Amino acid sequence: MRTYVLALQDVDRTKAKGVGGKGANLGELSRIEGIRVPAGFCVTTEAFQRIMGEAPSIGGLLDRLSLLAAEDRDGIRELSGELRRIIEETAIPEDLQEALTQALSRLGADDAYAVRSSATAEDLPGASFAGQQDTYLNVLGTQAILHHVRRCWASLFTERAVTYRIQHGFDHRKIHMAVVVQKMVFPQAAGIVFTADPVTSNRKVSSIEAGFGLGEALVAGLARADRYKVRNGQVIEKAIAKKTLATRALAEGGTEERAIEPERQDGQVLTDTQILRIERLGRQIEGHFGHPQDIEWCLAEEELHVVQSRPITTLYPIPEAGDGGNHVYISVGHQQMMTDPMKPLGLSLFQLTSGGRMLAAGGRLFVDPTKQLASPASRDALLDLLGRSHPLLKDALLTIIERGDFIEPLPGDPTASPPGQGKQAPGRFDAQVEDDPAIAADLVERSQAALEELKRDIRTKTGTALFDFIREDIQGLSKSMFGPRSMGVIMAGMNASSWINEKMMAWLGERSVADTLSQSVSNNITSEMGLALLDVADVIRPYPDVVSYLQNVKHDGFLEDLVELDGGKEARDAIRAYLHKYGMRCAGEIDITRARWSEKPTTLVPLILSNIKNFEPRAGERRFEQGRQEAFQRARVLLDRLRQLPEGEQKASEAQRMIDRLRNFIGYREYPKYGLVNRYFVYKHALLQEAERLVQASVIRDVEDIYYLTFDELREVVRTHQLDDQVVGKRRAEHEVYKKLSPPLVITSDGEIVSGAHKRADLPAGAMVGLAVSSGVVEGRARVLLDMADADLEAGDILVTTFTDPSWTPLFVSIKGLVTEVGGLTTHGAVIAREYGLPAVVCVENATRLIRDGQRIRVHGTDGYVEILT
């Protein structure tokens, strides 16, 4: 038997499928002791489905609607309007009408009611759908209520609701509409309480908005509201608005906007006592649902009523240290130039590789420097290091430290290094490396030999033995990557760069000299990768049939088809040779689950075609030689000028030694990550073979299901051949939610997102400030790209993007400047920009939104700012 009506007291969270998100939450709220929820009932989704079934033409309209993109506004407007018209004109069957009438009679048919839409994809943890469907207030009379129930059903197909579903990937056919009918409350004040600050995300700060009269104008953004913030039972902030309008009920039904009396417009809507009552109400509801809430409340005759509560879906999850103390967390992804969410297998494997304690939250990794920040012995050295490479990070941490009430200071450690000595630690690494250019080449050779040994040995490993082998290999990899010899070479190059910049500024007044001296150095595997793709273009350029074919490539098996064309075998062999050396790379390569170039070679096709269009033959060779000559010429000029100074010969001798160290060792900095992703590629294929066995044994449905398990979980599944069917689906859904979140650079254990600021006062009007990472000034067309696959570059464009990792390097040969939102002095984009001689500014907040594609901009890579010219 169908159930068309359910009283609110008979509803809880388990009935969301029948009463929608809003109805389920209101039913749950009505069960909480001490929470007042206006009496009412839910018209269930069964009633909606019955109405939809009464109109056969609806099915065809839904089919057409499912084919539309969010950008097709005209199509959405036409089809959604037709669907609403049909639903509103469909008569309510007699038995359904009788069920609604009886429910109204039990509550009081002559009373005023609020009629609210409640969709089954509403008020969810991953998507709130707030404001997407309709609400009607002060509805009088049974026939009027039945009419507005139909209007609520139809509001499932408002243009805004349809567009929202398309954007979030919801199937129109799988979402149904329930309707909540509740007795009206006529309040003197109404508003919203967020149990986590919507601006800072601080879970310990409640934010309350309040206005006079009904809350609908406030919720819709039509009226101004007072804003109050409460923390730990104390009002910590008030912003009293000038309130000119309030929504009031009309005697004949409906509402209208009325002017507020002038003497009340600047008054505080709530007393401090009422503010604290609402804060406690919010905390009680949050405690019941177990998640921060966005709650709509009404205050009538000193009684608080709750008319809606939904989860706040925009909050970034908090890393959990597990000890209940105050902690500060720093994003690992911002340092790795990979702020996209990682799948569980990728997260866990990178945690194993990196060593140290990293905490996962929102599909990203974070480190906890709280102890170092709390200790006077380590704080200054850490802030100094971060300030040189990432000033926004330093400023955010200083903001927290200077409050004085979050990080508990630790007493000075008498065994700690004396002030200033920490800065010499890199020098000790430096001293361990001789001035021998063969050292870096030897490390590269050893890494390649170890990789070949891994490929040979892993072939014999299956089952749990494979996992144990990988874990052991990772331990060896970590020692190799972070061992004294490798770190010594890296630090030798970085210290030489710092020494050169500091001394040339002090002795000659020259800034960022090391940038030019770093061009075209040896052993930089990442910059070589970009130039090597120019060589691939040289092979393909003479064959027009191959070029034409590549312009229309759609599938990743295209390499075998090439051999049928004139020059196709040469093209195939050139691309294969490139993939043999660099095919393990991809965007977001620290996540083992990402598709590599070898697995998706179509990724490289637009880059190859761009190189063919923008460059003449042997461009890679000429570019490398040009950079080398510029570096040598710059060195000669500097040394000549130094010799003219007092003690000039000694200064020139010291500078020559540091220039040699820079050019011998700075390129190696990119190699350990190349070695890491090479090994990840080997691990990945071995793990996918295990996944194939799990598919054959019907343990998982698809090989990529293993991406949603951690490394240790996957080992256990391989051992037992058992897996809870719901785990993979749940993790997939979580990953989709994480993709919509923007990871913070710094977040506290209170959930507060702390943003740093560039402290600069010497900029031209309208300039966008950032961090100078590669010197020079350049003007050109801004090419704003969020995905490397969308690259359509002209020679001389300036790339503007959120972040770059090594996979973006092939684009660098076509551009003449770089602007990113994320990055630091030593991150990938900065290193390769210096290697290629590209002026670059990173840490430019909102660059991809503030700069429009095609605008002409000027990049000040020496001074660290960007100007929009046209």
# chains A, B, ... in the order shown; residues from 1 in each chain; ligands from 1

call {"tool": "residues_around", "arguments": {"residues": "Leu137 (chain A)", "least_positions_apart": "4", "cutoff": "9 Å", "atoms": "only C-alpha atoms", "output": "NGL selection string"}}
result
:A and (112-116 or 184 or 216 or 249 or 253-255)

call {"tool": "write_last_selection", "arguments": {"atoms": "N, CA and C atoms", "output": "tab-separated table (two decimals), in the first residue's frame"}}
result
chain	number	residue	atom	x	y	z
A	112	ALA	N	-2.73	28.85	9.06
A	112	ALA	CA	-1.79	29.22	8.00
A	112	ALA	C	-0.62	28.23	7.98
A	113	TYR	N	-0.11	27.95	6.78
A	113	TYR	CA	0.93	26.93	6.64
A	113	TYR	C	2.08	27.44	5.76
A	114	ALA	N	3.23	26.84	6.00
A	114	ALA	CA	4.37	26.98	5.09
A	114	ALA	C	4.45	25.69	4.28
A	115	VAL	N	4.61	25.85	2.97
A	115	VAL	CA	4.69	24.69	2.08
A	115	VAL	C	6.09	24.71	1.46
A	116	ARG	N	6.89	23.68	1.77
A	116	ARG	CA	8.32	23.69	1.41
A	116	ARG	C	8.68	22.47	0.56
A	184	MET	N	2.51	27.71	10.23
A	184	MET	CA	3.31	28.94	10.18
A	184	MET	C	3.66	29.43	11.58
A	216	GLU	N	12.62	34.70	5.18
A	216	GLU	CA	12.78	34.36	3.77
A	216	GLU	C	13.59	35.40	2.99
A	249	ALA	N	3.71	38.71	7.10
A	249	ALA	CA	2.58	37.94	6.61
A	249	ALA	C	1.38	38.85	6.35
A	253	GLY	N	-3.25	35.93	3.30
A	253	GLY	CA	-2.33	34.91	2.84
A	253	GLY	C	-1.18	35.51	2.05
A	254	GLY	N	-0.07	34.80	2.03
A	254	GLY	CA	1.09	35.30	1.34
A	254	GLY	C	1.88	36.28	2.20
A	255	THR	N	2.88	36.90	1.61
A	255	THR	CA	3.75	37.81	2.33
A	255	THR	C	4.02	39.05	1.49

call {"tool": "residues_around", "arguments": {"residues": "Arg388 (chain A)", "least_positions_apart": "6", "cutoff": "10 Å", "atoms": "only C-alpha atoms", "output": "PDB file with N, CA, C and O atoms, in the first residue's frame"}}
result
ATOM      1  N   LYS A 394      54.527  31.582   5.543  1.00  0.00           N
ATOM      2  CA  LYS A 394      55.115  32.193   6.741  1.00  0.00           C
ATOM      3  C   LYS A 394      54.142  33.181   7.370  1.00  0.00           C
ATOM      4  O   LYS A 394      53.956  33.193   8.594  1.00  0.00           O
ATOM      5  N   LEU A 771      55.121  36.017  -5.583  1.00  0.00           N
ATOM      6  CA  LEU A 771      56.493  35.726  -5.197  1.00  0.00           C
ATOM      7  C   LEU A 771      57.356  35.673  -6.447  1.00  0.00           C
ATOM      8  O   LEU A 771      57.079  34.911  -7.380  1.00  0.00           O
ATOM      9  N   GLY A 824      56.274  28.026  -4.844  1.00  0.00           N
ATOM     10  CA  GLY A 824      57.288  28.602  -3.980  1.00  0.00           C
ATOM     11  C   GLY A 824      58.585  28.724  -4.748  1.00  0.00           C
ATOM     12  O   GLY A 824      58.677  28.369  -5.935  1.00  0.00           O
ATOM     13  N   LEU A 825      59.609  29.198  -4.076  1.00  0.00           N
ATOM     14  CA  LEU A 825      60.892  29.448  -4.725  1.00  0.00           C
ATOM     15  C   LEU A 825      61.529  28.174  -5.257  1.00  0.00           C
ATOM     16  O   LEU A 825      62.253  28.198  -6.256  1.00  0.00           O
ATOM     17  N   THR A 826      61.277  27.036  -4.597  1.00  0.00           N
ATOM     18  CA  THR A 826      61.945  25.798  -4.982  1.00  0.00           C
ATOM     19  C   THR A 826      60.994  24.761  -5.574  1.00  0.00           C
ATOM     20  O   THR A 826      61.384  23.617  -5.763  1.00  0.00           O
TER      21      THR A 826
END

call {"tool": "select_by_dssp", "arguments": {"residues": "region 647-824 of chain A", "states": "strand (DSSP E or B)", "output": "PyMOL selection string"}}
result
chain A and resi 746-748+753+768-769+771-774+777-784+797-801+815-820

call {"tool": "select_by_dssp", "arguments": {"residues": "region 170-371 of chain A", "states": "helix (DSSP H, G or I)", "output": "CSV table (one decimal) with N, CA, C and O atoms, in the first residue's frame"}}
result
chain,number,residue,atom,x,y,z
A,172,HIS,N,18.4,13.4,-13.5
A,172,HIS,CA,17.1,14.0,-13.3
A,172,HIS,C,16.0,12.9,-12.9
A,172,HIS,O,15.1,13.2,-12.1
A,173,ARG,N,16.1,11.7,-13.5
A,173,ARG,CA,15.1,10.7,-13.2
A,173,ARG,C,15.2,10.1,-11.8
A,173,ARG,O,14.3,9.5,-11.3
A,174,LYS,N,16.4,10.2,-11.2
A,174,LYS,CA,16.6,9.6,-9.9
A,174,LYS,C,16.3,10.5,-8.8
A,174,LYS,O,16.5,10.1,-7.6
A,216,GLU,N,12.6,34.7,5.2
A,216,GLU,CA,12.8,34.4,3.8
A,216,GLU,C,13.6,35.4,3.0
A,216,GLU,O,14.4,35.1,2.2
A,217,ALA,N,13.4,36.7,3.3
A,217,ALA,CA,14.1,37.7,2.5
A,217,ALA,C,15.6,37.6,2.9
A,217,ALA,O,16.5,37.8,2.1
A,218,LEU,N,15.9,37.3,4.1
A,218,LEU,CA,17.3,37.2,4.6
A,218,LEU,C,17.9,36.0,3.9
A,218,LEU,O,19.0,36.1,3.4
A,219,VAL,N,17.3,34.8,3.9
A,219,VAL,CA,17.8,33.6,3.3
A,219,VAL,C,18.0,33.9,1.8
A,219,VAL,O,19.0,33.4,1.2
A,262,PRO,N,12.0,53.8,11.0
A,262,PRO,CA,13.3,54.4,11.0
A,262,PRO,C,14.0,54.2,12.4
A,262,PRO,O,15.2,54.0,12.4
A,263,GLU,N,13.3,54.3,13.5
A,263,GLU,CA,13.9,54.3,14.8
A,263,GLU,C,14.4,52.8,15.1
A,263,GLU,O,15.2,52.7,16.0
A,264,ARG,N,14.0,51.8,14.3
A,264,ARG,CA,14.4,50.4,14.6
A,264,ARG,C,15.5,50.0,13.6
A,264,ARG,O,16.1,48.9,13.8
A,272,ASP,N,22.0,40.1,23.6
A,272,ASP,CA,23.1,39.2,23.8
A,272,ASP,C,22.6,37.9,24.4
A,272,ASP,O,23.2,36.8,24.1
A,273,THR,N,21.7,37.9,25.3
A,273,THR,CA,21.1,36.7,25.9
A,273,THR,C,20.5,35.8,24.8
A,273,THR,O,20.7,34.6,24.8
A,274,GLN,N,19.8,36.4,23.9
A,274,GLN,CA,19.1,35.7,22.8
A,274,GLN,C,20.2,35.1,21.8
A,274,GLN,O,20.1,34.0,21.3
A,275,ILE,N,21.2,35.9,21.6
A,275,ILE,CA,22.3,35.4,20.7
A,275,ILE,C,22.9,34.1,21.3
A,275,ILE,O,23.1,33.1,20.6
A,276,LEU,N,23.2,34.1,22.6
A,276,LEU,CA,23.8,33.0,23.2
A,276,LEU,C,22.8,31.8,23.3
A,276,LEU,O,23.3,30.6,23.2
A,277,ARG,N,21.5,32.0,23.4
A,277,ARG,CA,20.5,30.9,23.3
A,277,ARG,C,20.6,30.3,22.0
A,277,ARG,O,20.5,29.0,21.9
A,278,ILE,N,20.7,31.1,20.9
A,278,ILE,CA,20.7,30.5,19.6
A,278,ILE,C,22.0,29.8,19.3
A,278,ILE,O,22.0,28.7,18.7
A,279,GLU,N,23.1,30.3,19.9
A,279,GLU,CA,24.4,29.5,19.7
A,279,GLU,C,24.3,28.2,20.4
A,279,GLU,O,24.7,27.2,19.8
A,280,ARG,N,23.7,28.1,21.6
A,280,ARG,CA,23.5,26.8,22.3
A,280,ARG,C,22.6,25.9,21.6
A,280,ARG,O,22.8,24.7,21.5
A,281,LEU,N,21.5,26.5,21.0
A,281,LEU,CA,20.6,25.7,20.1
A,281,LEU,C,21.4,25.0,19.0
A,281,LEU,O,21.2,23.8,18.7
A,282,GLY,N,22.2,25.8,18.3
A,282,GLY,CA,23.0,25.3,17.2
A,282,GLY,C,23.9,24.2,17.6
A,282,GLY,O,24.0,23.2,16.9
A,283,ARG,N,24.6,24.4,18.7
A,283,ARG,CA,25.5,23.3,19.2
A,283,ARG,C,24.8,22.1,19.5
A,283,ARG,O,25.3,21.0,19.3
A,284,GLN,N,23.6,22.2,20.1
A,284,GLN,CA,22.8,21.0,20.4
A,284,GLN,C,22.4,20.2,19.2
A,284,GLN,O,22.6,19.0,19.1
A,285,ILE,N,22.0,21.0,18.1
A,285,ILE,CA,21.6,20.3,16.9
A,285,ILE,C,22.8,19.7,16.2
A,285,ILE,O,22.8,18.6,15.7
A,286,GLU,N,23.9,20.5,16.2
A,286,GLU,CA,25.2,20.0,15.6
A,286,GLU,C,25.6,18.7,16.3
A,286,GLU,O,26.0,17.7,15.6
A,287,GLY,N,25.5,18.6,17.6
A,287,GLY,CA,25.9,17.4,18.3
A,287,GLY,C,25.0,16.2,18.0
A,287,GLY,O,25.5,15.1,17.9
A,288,HIS,N,23.7,16.5,17.7
A,288,HIS,CA,22.8,15.4,17.3
A,288,HIS,C,23.2,14.8,15.9
A,288,HIS,O,23.3,13.6,15.7
A,289,PHE,N,23.5,15.7,15.0
A,289,PHE,CA,23.7,15.3,13.6
A,289,PHE,C,25.2,14.9,13.4
A,289,PHE,O,25.5,14.2,12.4
A,333,GLY,N,50.4,19.3,-0.6
A,333,GLY,CA,50.1,19.5,-2.0
A,333,GLY,C,50.6,20.8,-2.5
A,333,GLY,O,51.1,20.9,-3.7
A,334,HIS,N,50.6,21.8,-1.7
A,334,HIS,CA,51.1,23.1,-2.2
A,334,HIS,C,52.6,23.1,-2.4
A,334,HIS,O,53.1,23.8,-3.2
A,335,GLN,N,53.3,22.3,-1.6
A,335,GLN,CA,54.7,22.1,-1.8
A,335,GLN,C,55.0,21.2,-3.0
A,335,GLN,O,56.0,21.4,-3.7
A,336,GLN,N,54.2,20.2,-3.2
A,336,GLN,CA,54.4,19.3,-4.3
A,336,GLN,C,53.8,19.8,-5.6
A,336,GLN,O,53.9,19.1,-6.6
A,344,PRO,N,42.7,6.9,-2.3
A,344,PRO,CA,43.3,6.3,-1.1
A,344,PRO,C,44.6,5.5,-1.4
A,344,PRO,O,45.6,5.6,-0.6
A,345,LEU,N,44.7,4.8,-2.5
A,345,LEU,CA,45.9,4.1,-2.8
A,345,LEU,C,47.1,5.0,-3.0
A,345,LEU,O,48.2,4.8,-2.5
A,346,GLY,N,46.8,6.1,-3.7
A,346,GLY,CA,47.9,7.1,-4.0
A,346,GLY,C,48.3,7.8,-2.7
A,346,GLY,O,49.5,8.0,-2.5
A,347,LEU,N,47.3,8.2,-1.9
A,347,LEU,CA,47.7,8.8,-0.6
A,347,LEU,C,48.6,7.9,0.3
A,347,LEU,O,49.6,8.4,0.8
A,348,SER,N,48.1,6.7,0.4
A,348,SER,CA,48.8,5.8,1.4
A,348,SER,C,50.2,5.5,0.8
A,348,SER,O,51.2,5.4,1.6
A,349,LEU,N,50.4,5.3,-0.5
A,349,LEU,CA,51.7,5.0,-1.0
A,349,LEU,C,52.7,6.2,-0.9
A,349,LEU,O,53.8,6.0,-0.6
A,350,PHE,N,52.1,7.4,-1.1
A,350,PHE,CA,53.0,8.6,-0.9
A,350,PHE,C,53.4,8.8,0.5
A,350,PHE,O,54.5,9.2,0.8
A,351,GLN,N,52.5,8.5,1.4
A,351,GLN,CA,52.8,8.5,2.9
A,351,GLN,C,53.9,7.6,3.2
A,351,GLN,O,54.9,7.9,3.9
A,352,LEU,N,53.9,6.4,2.6
A,352,LEU,CA,54.9,5.4,2.9
A,352,LEU,C,56.2,5.9,2.3
A,352,LEU,O,57.3,5.7,2.9
A,353,THR,N,56.2,6.5,1.1
A,353,THR,CA,57.4,6.9,0.5
A,353,THR,C,58.1,8.1,1.2
A,353,THR,O,59.3,8.2,1.3
A,354,SER,N,57.2,9.0,1.7
A,354,SER,CA,57.8,10.3,2.2
A,354,SER,C,58.4,10.2,3.5
A,354,SER,O,59.2,11.0,3.9
A,370,THR,N,53.4,21.9,14.6
A,370,THR,CA,53.0,22.6,15.8
A,370,THR,C,54.2,22.6,16.9
A,370,THR,O,54.4,23.7,17.5
A,371,LYS,N,54.8,21.5,17.1
A,371,LYS,CA,55.9,21.4,18.1
A,371,LYS,C,57.0,22.3,17.7
A,371,LYS,O,57.6,23.0,18.6

call {"tool": "residues_around", "arguments": {"residues": "Ile92 (chain A)", "least_positions_apart": "2", "cutoff": "10 Å", "atoms": "only C-alpha atoms", "output": "list in words"}}
result
Ala47, Phe48, Arg50, Ile51, Glu54, Ile87, Glu88, Glu89, Thr90, Glu94, Asp95, Leu96, Gln97, Glu98, Leu146, His147, Val149 and Arg150 of chain A

call {"tool": "write_last_selection", "arguments": {"atoms": "all heavy atoms", "output": "compact mmCIF listing (two decimals), in the first residue's frame"}}
result
# COMPACT_ATOMS: atom_id res chain seq x y z
N ALA A 47 3.86 10.21 -3.74
CA ALA A 47 2.84 11.07 -4.32
C ALA A 47 3.38 11.75 -5.58
O ALA A 47 2.70 11.84 -6.61
CB ALA A 47 2.40 12.11 -3.29
N PHE A 48 4.62 12.22 -5.50
CA PHE A 48 5.24 12.86 -6.65
C PHE A 48 5.36 11.89 -7.81
O PHE A 48 5.04 12.23 -8.97
CB PHE A 48 6.62 13.38 -6.24
CG PHE A 48 7.46 13.88 -7.39
CD1 PHE A 48 7.23 15.12 -7.95
CD2 PHE A 48 8.49 13.11 -7.89
CE1 PHE A 48 8.01 15.58 -8.99
CE2 PHE A 48 9.28 13.57 -8.93
CZ PHE A 48 9.04 14.81 -9.49
N ARG A 50 3.58 9.34 -8.39
CA ARG A 50 2.24 9.08 -8.90
C ARG A 50 1.84 10.17 -9.90
O ARG A 50 1.32 9.89 -10.99
CB ARG A 50 1.25 9.06 -7.72
CG ARG A 50 -0.22 9.01 -8.11
CD ARG A 50 -0.73 7.60 -8.28
NE ARG A 50 -2.14 7.59 -8.60
CZ ARG A 50 -3.13 7.55 -7.71
NH1 ARG A 50 -2.84 7.50 -6.40
NH2 ARG A 50 -4.40 7.51 -8.08
N ILE A 51 2.11 11.42 -9.54
CA ILE A 51 1.77 12.54 -10.42
C ILE A 51 2.58 12.48 -11.72
O ILE A 51 2.05 12.68 -12.81
CB ILE A 51 2.02 13.88 -9.70
CG1 ILE A 51 1.02 14.07 -8.58
CG2 ILE A 51 1.98 15.05 -10.67
CD1 ILE A 51 -0.41 14.18 -9.04
N GLU A 54 1.18 10.18 -14.18
CA GLU A 54 -0.10 10.56 -14.78
C GLU A 54 0.10 11.28 -16.12
O GLU A 54 -0.86 11.48 -16.87
CB GLU A 54 -0.87 11.49 -13.83
CG GLU A 54 -1.27 10.86 -12.50
CD GLU A 54 -2.41 9.88 -12.64
OE1 GLU A 54 -3.28 10.11 -13.50
OE2 GLU A 54 -2.43 8.87 -11.91
N ILE A 87 3.30 19.51 -14.88
CA ILE A 87 3.10 19.06 -13.50
C ILE A 87 2.05 19.93 -12.79
O ILE A 87 1.18 19.41 -12.09
CB ILE A 87 4.43 19.09 -12.73
CG1 ILE A 87 5.39 18.04 -13.31
CG2 ILE A 87 4.22 18.84 -11.24
CD1 ILE A 87 6.81 18.15 -12.80
N GLU A 88 2.10 21.24 -12.99
CA GLU A 88 1.16 22.13 -12.31
C GLU A 88 -0.26 21.94 -12.84
O GLU A 88 -1.24 22.19 -12.12
CB GLU A 88 1.60 23.59 -12.47
CG GLU A 88 2.83 23.93 -11.66
CD GLU A 88 3.14 25.43 -11.68
OE1 GLU A 88 2.18 26.22 -11.75
OE2 GLU A 88 4.32 25.79 -11.61
N GLU A 89 -0.38 21.51 -14.09
CA GLU A 89 -1.72 21.33 -14.68
C GLU A 89 -2.27 19.94 -14.46
O GLU A 89 -3.46 19.69 -14.74
CB GLU A 89 -1.68 21.65 -16.17
CG GLU A 89 -1.43 23.12 -16.48
CD GLU A 89 -1.33 23.40 -17.96
OE1 GLU A 89 -1.39 22.41 -18.76
OE2 GLU A 89 -1.18 24.59 -18.34
N THR A 90 -1.45 19.01 -13.97
CA THR A 90 -1.92 17.65 -13.74
C THR A 90 -2.80 17.61 -12.49
O THR A 90 -2.39 18.07 -11.42
CB THR A 90 -0.74 16.68 -13.58
OG1 THR A 90 0.03 16.70 -14.79
CG2 THR A 90 -1.22 15.26 -13.30
N GLU A 94 -7.92 11.59 -6.71
CA GLU A 94 -8.85 11.75 -5.59
C GLU A 94 -8.31 11.15 -4.30
O GLU A 94 -8.42 11.75 -3.23
CB GLU A 94 -10.19 11.11 -5.96
CG GLU A 94 -11.29 11.42 -4.96
CD GLU A 94 -12.65 10.90 -5.44
OE1 GLU A 94 -12.87 10.85 -6.66
OE2 GLU A 94 -13.47 10.55 -4.58
N ASP A 95 -7.73 9.94 -4.36
CA ASP A 95 -7.25 9.31 -3.12
C ASP A 95 -6.07 10.08 -2.52
O ASP A 95 -5.94 10.20 -1.30
CB ASP A 95 -6.87 7.85 -3.36
CG ASP A 95 -5.81 7.68 -4.44
OD1 ASP A 95 -5.68 8.57 -5.31
OD2 ASP A 95 -5.10 6.66 -4.43
N LEU A 96 -5.23 10.63 -3.37
CA LEU A 96 -4.10 11.42 -2.89
C LEU A 96 -4.61 12.74 -2.29
O LEU A 96 -4.16 13.16 -1.22
CB LEU A 96 -3.14 11.70 -4.05
CG LEU A 96 -1.96 12.65 -3.80
CD1 LEU A 96 -1.16 12.25 -2.56
CD2 LEU A 96 -1.04 12.69 -5.02
N GLN A 97 -5.58 13.35 -2.95
CA GLN A 97 -6.16 14.58 -2.43
C GLN A 97 -6.82 14.34 -1.07
O GLN A 97 -6.72 15.17 -0.16
CB GLN A 97 -7.17 15.13 -3.43
CG GLN A 97 -7.63 16.53 -3.14
CD GLN A 97 -8.39 17.14 -4.29
OE1 GLN A 97 -9.10 18.13 -4.10
NE2 GLN A 97 -8.29 16.59 -5.48
N GLU A 98 -7.46 13.20 -0.92
CA GLU A 98 -8.12 12.86 0.34
C GLU A 98 -7.09 12.70 1.46
O GLU A 98 -7.30 13.17 2.59
CB GLU A 98 -8.91 11.56 0.18
CG GLU A 98 -9.59 11.07 1.45
CD GLU A 98 -10.68 12.02 1.93
OE1 GLU A 98 -11.18 12.83 1.13
OE2 GLU A 98 -11.01 11.96 3.13
N LEU A 146 -3.11 22.68 -1.58
CA LEU A 146 -2.95 21.67 -2.64
C LEU A 146 -2.30 22.28 -3.88
O LEU A 146 -1.46 21.65 -4.53
CB LEU A 146 -4.32 21.08 -2.99
CG LEU A 146 -5.00 20.25 -1.90
CD1 LEU A 146 -6.39 19.82 -2.36
CD2 LEU A 146 -4.18 19.04 -1.55
N HIS A 147 -2.69 23.50 -4.21
CA HIS A 147 -2.10 24.18 -5.37
C HIS A 147 -0.60 24.38 -5.17
O HIS A 147 0.21 24.16 -6.09
CB HIS A 147 -2.81 25.52 -5.58
CG HIS A 147 -2.15 26.40 -6.60
ND1 HIS A 147 -2.13 26.09 -7.95
CD2 HIS A 147 -1.46 27.58 -6.47
CE1 HIS A 147 -1.48 27.02 -8.61
NE2 HIS A 147 -1.06 27.94 -7.74
N VAL A 149 1.37 22.68 -3.19
CA VAL A 149 2.07 21.39 -3.23
C VAL A 149 2.44 21.06 -4.67
O VAL A 149 3.57 20.63 -4.95
CB VAL A 149 1.19 20.28 -2.62
CG1 VAL A 149 1.76 18.89 -2.95
CG2 VAL A 149 1.07 20.45 -1.11
N ARG A 150 1.52 21.29 -5.60
CA ARG A 150 1.82 21.06 -7.02
C ARG A 150 2.96 21.96 -7.48
O ARG A 150 3.84 21.56 -8.25
CB ARG A 150 0.58 21.31 -7.89
CG ARG A 150 -0.31 20.10 -8.09
CD ARG A 150 -1.18 20.25 -9.32
NE ARG A 150 -1.99 21.44 -9.26
CZ ARG A 150 -3.26 21.49 -8.83
NH1 ARG A 150 -3.84 20.38 -8.44
NH2 ARG A 150 -3.93 22.62 -8.83

call {"tool": "atom_distance", "arguments": {"atom1": "CA of Val547 (chain A)", "atom2": "CA of Lys816 (chain A)"}}
result
25.2 Å

call {"tool": "closest_residue", "arguments": {"among": "A:Gly509, A:Pro806, A:Gly191, A:Gly108", "to": "Arg224 (chain A)", "atoms": "only C-alpha atoms"}}
result
A:Gly191

call {"tool": "closest_residue", "arguments": {"among": "A:Ile540, A:Leu723, A:Val699, A:Val737", "to": "Leu315 (chain A)", "atoms": "only C-alpha atoms"}}
result
A:Val737
